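Read through the structure below, which is laid out as C-alpha cells, and then see the notes.
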Amino acid sequence: MAIGFLDRSRIVAPPGWSRWLVPPAALAVHLSIGQAYAWSVFKLPLEKTLGLTGTQSALPFQLGIVMLGLSAAFGGTLVERNGPRWAMFVSMVCFSSGFLLSALGVATSQYWLVVLGWGGIGGIGLGIGYISPVSTLIKWFPDRPGMATGIAIMGFGGGALIASPWSTQMLGASPWTIGTVATAFLVHGLVYAVFMTLGILLIRVPADGWKPKGWEPKTDHGNAMITTANVSARNAIRTPQFWCLWVVLCFNVTAGIGILEKASPMIADFFRETSTPVGTAAAAGFVALLSLTNMLGRFVWSSTSDLVGRKNIYRLYLGAGALLYLVIALTTNASKLVFVLCAMLILSFYGGGFATIPAYLKDLFGTYQVGAIHGRLLTAWSMAGVLGPLIVNAIADSQKSAGKVGPDLYTTSLFIMIGLLVVGFVANELVRPVNPKFHEPASSGEPARSEAR
C-alpha cells in the first residue's frame, strides 16, 4: 500500500490544480534539510563533550555534503522515474534516522555513530530531498524557472534561520552535557519527520505535456544560452558545458561553505582580541543572519537571473565574491560592520549560485532529464563540502598550533578562496551553447497539450 501511495501516478495533478501549491510542498522538505547549515552551532558542544578538535567536529558536515552530492548523482534518475513523493519519503526516513542515530552516538560517547548517522545516512536524505522537487518545479514553472527553483532552494538556505536559534536554545549555555546534546539530536529527528511529511502529502506533478496558459517555449530575449532542445543526462556529462558548470558550482560553493561551516567560532576568533569580543549568543545570531542572506539570495538572485541571464548573474557571484573576500582579508578585524556585511553578501551569492544552477542547466540542456543532470552536477557540491571546511579548519588548527590568534587564523584561507573564485569566473566565461550533436530527437520532448493555472 505504501508503494502505491508513493507512486508517481498517484500524484498527477487534476485539471485546475494550482501550481502555486507546489512550492510550499518543496519548502516543507527544504526548510527541514536546510538544518545542515546550522551545523556550526553543534560544533563547540560536541568538541567540549566528546573531546574533539575543530577538524574532527567538521567530519559529519563534510560527510553529509559528500553524501548529498553522491546520492543526488546516483539517485537523480530514480527520482525522475519514481517521482517527487517517493523521493521526499526516502529523504524524510534517512534525514530523521540520521538524527536519531546521532543521538545514540552522543549518548554512548561513540562519535563514529554521529558521523555515520548525521553525515552518512542523513547525508543521503539531504541529497535525495534536495533534488526531489527541483525537476517538478521547473516543469510547473517553465516560464520562470529561476524564480521557481529559487523559492524551493531558498528553503534549504533558510533552514538554519529556524534551526540555529532553536538548536542554541535546546543546547543551552556552556558547560554542555552529553545528555543535553543527545536530546537535541533526538528532538530534531522527530520534529523534522513530522514537518517533512506535510510536503510528502502535498506534492503533485503536472500531467504530461502541461504548460502554463498562454505560454509557448521560446528563446528568451535572444539569449543564445537558452535552448528549446533536450539533452539526456548521459549525453550532458559528455559536454564541456557540464564540466564548466561543475567547476563554477564547486568553487563558488567551496568559497561559501568554508565560512558557513565555521561561522560561529570564526566570528568569535576574529574579534576575540578586540575591545568588543563576540559572545556565544551573538555568534549564533551571526549564523542565523548568514542563513537569512543565504536564503534571500537564493530567491532574489535566481529571480534576477530570469531577467539578466544565468551567465551574467554568475559573473556577479564569482567576481564580486572574490572582491568581498579581499576586503575581509585586508580589513581583518578593524570593523565588525564591514566583516558582517561582506560575509552576508558572500553567503547571498553562495545561496544564489545553488538556486540558479538548475535554471542554467535547463537553459543549456532542456527539461527532458534536468533533474538527473542536476543530481550529477551536485557531485561538485560533494567535493566542495570536503574542500571548504578542510581548508578553513585545517589551516586554522595549524595556525593555532603555531601560536597565532584572531584574523591570522584565517588569512591564508581567505586568499585561497579568492583564487578559487577567479578560476570559477573563467570557467563561467567558457560556457557556450551545447553542440546540436548532443541534442535528443524531437520525439524525446514532451508534447504540449493541456493548459491550467
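Ordering of the C-alpha cells sets the chain letters (A, B, ...); residue numbers start at 1 within each chain; ligands are numbered from 1 in the order shown.
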
For this session: Please provide as JSON, numbers by chain all residues within 10 Å of region 152-166 of chain A, with the sequence filter that same-chain residues fewer than 6 positions apart are discarded (counting only C-alpha atoms).
Result: {"A": [22, 23, 24, 25, 26, 27, 28, 29, 30, 31, 32, 33, 34, 35, 36, 37, 38, 39, 40, 41, 42, 126, 129, 130, 131, 133, 134, 137, 184, 188, 281, 284, 285, 286, 287, 288, 289, 290, 291, 292, 293, 294, 295, 296, 297, 298, 299, 300, 302, 347, 348, 350, 351, 352, 354, 355, 356]}

Min atom-atom distance to Leu318 (chain A) from the set A:Val90, A:Leu364, A:Val194, A:Leu345, counting only C-alpha atoms, belongs to A:Leu345

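You can rank A:Ala193, A:Leu330, A:Ala282, A:Leu46 by their closest distance to Gly98 (chain A) using only C-alpha atoms, and at the top of that list sits A:Ala193.
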
task = Determine the nearest neighbour of Gln56 (chain A) from the options A:Asn333, A:Val115, A:Trp17, A:Thr411, counting only C-alpha atoms.
result =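 When distances to Gln56 (chain A) are compared using only C-alpha atoms, the smallest one comes from A:Val115.
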
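Residues in contact with region 68-81 of chain A at up to 8 Å, not including ones fewer than 3 positions away on its chain and judged by only C-alpha atoms, are Gly64, Ile65, Pro84, Trp86, Ala87, Gly123, Ile124, Gly125, Leu126, Gly127, Ile128, Tyr130, Ile131, Ser132, Ser135, Gln369, Gly371, Ala372, Ile373, His374, Gly375, Arg376, Leu377, Leu378, Thr379, Ala380, Trp381 and Ser382 of chain A.
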
To one decimal place, how far is CA of Arg234 (chain A) from CA of Phe141 (chain A) in Å?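 Result for CA of Arg234 (chain A) versus CA of Phe141 (chain A): 24.4 Å, one decimal.
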
* To do: To one decimal in Å, tell me the separation between CA of Val434 (chain A) and CA of Leu249 (chain A).
  =>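 Straight-line distance from CA of Val434 (chain A) to CA of Leu249 (chain A) works out to 18.3 Å.
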
For Val386 (chain A): contacts at 8 Å, only C-alpha atoms, fewer than 6 positions along chain excluded, given as a list in words: Gln62, Leu63, Ile65 and Val66 of chain A

Dump as a PDB file, in the first residue's frame, selection limited to N, CA, C and O atoms:
```
ATOM      1  N   GLN A  62      31.079  17.476   6.665  1.00  0.00           N
ATOM      2  CA  GLN A  62      31.774  17.169   5.415  1.00  0.00           C
ATOM      3  C   GLN A  62      31.201  15.907   4.763  1.00  0.00           C
ATOM      4  O   GLN A  62      30.931  15.895   3.559  1.00  0.00           O
ATOM      5  N   LEU A  63      31.034  14.844   5.560  1.00  0.00           N
ATOM      6  CA  LEU A  63      30.490  13.611   5.012  1.00  0.00           C
ATOM      7  C   LEU A  63      29.061  13.812   4.526  1.00  0.00           C
ATOM      8  O   LEU A  63      28.665  13.259   3.490  1.00  0.00           O
ATOM      9  N   ILE A  65      27.736  16.496   3.227  1.00  0.00           N
ATOM     10  CA  ILE A  65      27.747  17.168   1.923  1.00  0.00           C
ATOM     11  C   ILE A  65      28.254  16.230   0.838  1.00  0.00           C
ATOM     12  O   ILE A  65      27.762  16.236  -0.296  1.00  0.00           O
ATOM     13  N   VAL A  66      29.234  15.378   1.174  1.00  0.00           N
ATOM     14  CA  VAL A  66      29.706  14.384   0.211  1.00  0.00           C
ATOM     15  C   VAL A  66      28.561  13.447  -0.178  1.00  0.00           C
ATOM     16  O   VAL A  66      28.310  13.179  -1.362  1.00  0.00           O
TER      17      VAL A  66
END
```

Could you work out how far CA of Ser303 (chain A) lies from CA of Pro145 (chain A), giving the answer in Å with one decimal?
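It comes out at 8.3 Å.
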
request  = Tell me, as a PyMOL selection string, which residues lie within 12 Å of Gly279 (chain A), counting only C-alpha atoms; anything in the same chain fewer than 2 positions away does not count.
outcome  = chain A and resi 173-174+264-272+276-277+281-286

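Between Pro433 (chain A) and the candidates A:Leu116, A:Leu390, A:Leu323, A:Leu361, the tightest atom-to-atom separation, counting only C-alpha atoms, involves A:Leu361.
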
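Nearest to Leu100 (chain A) of all the residues A:Leu113, A:Ala263, A:Val327, A:Leu307 is A:Leu113, counting only C-alpha atoms.
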
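Each of A:Lys404, A:Phe365, A:Val426, A:Ala394 was compared to Ile226 (chain A) using only C-alpha atoms, and A:Phe365 turns out to be the nearest.
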
Open item on the list: For Ser97 (chain A), find every residue with an atom within 10 Å (counting only C-alpha atoms), except residues of its own chain fewer than 5 positions away, and show them as a PyMOL selection string.
Closed with: chain A and resi 91-92+102-103+117-118+121-122+125+186+189-190+193
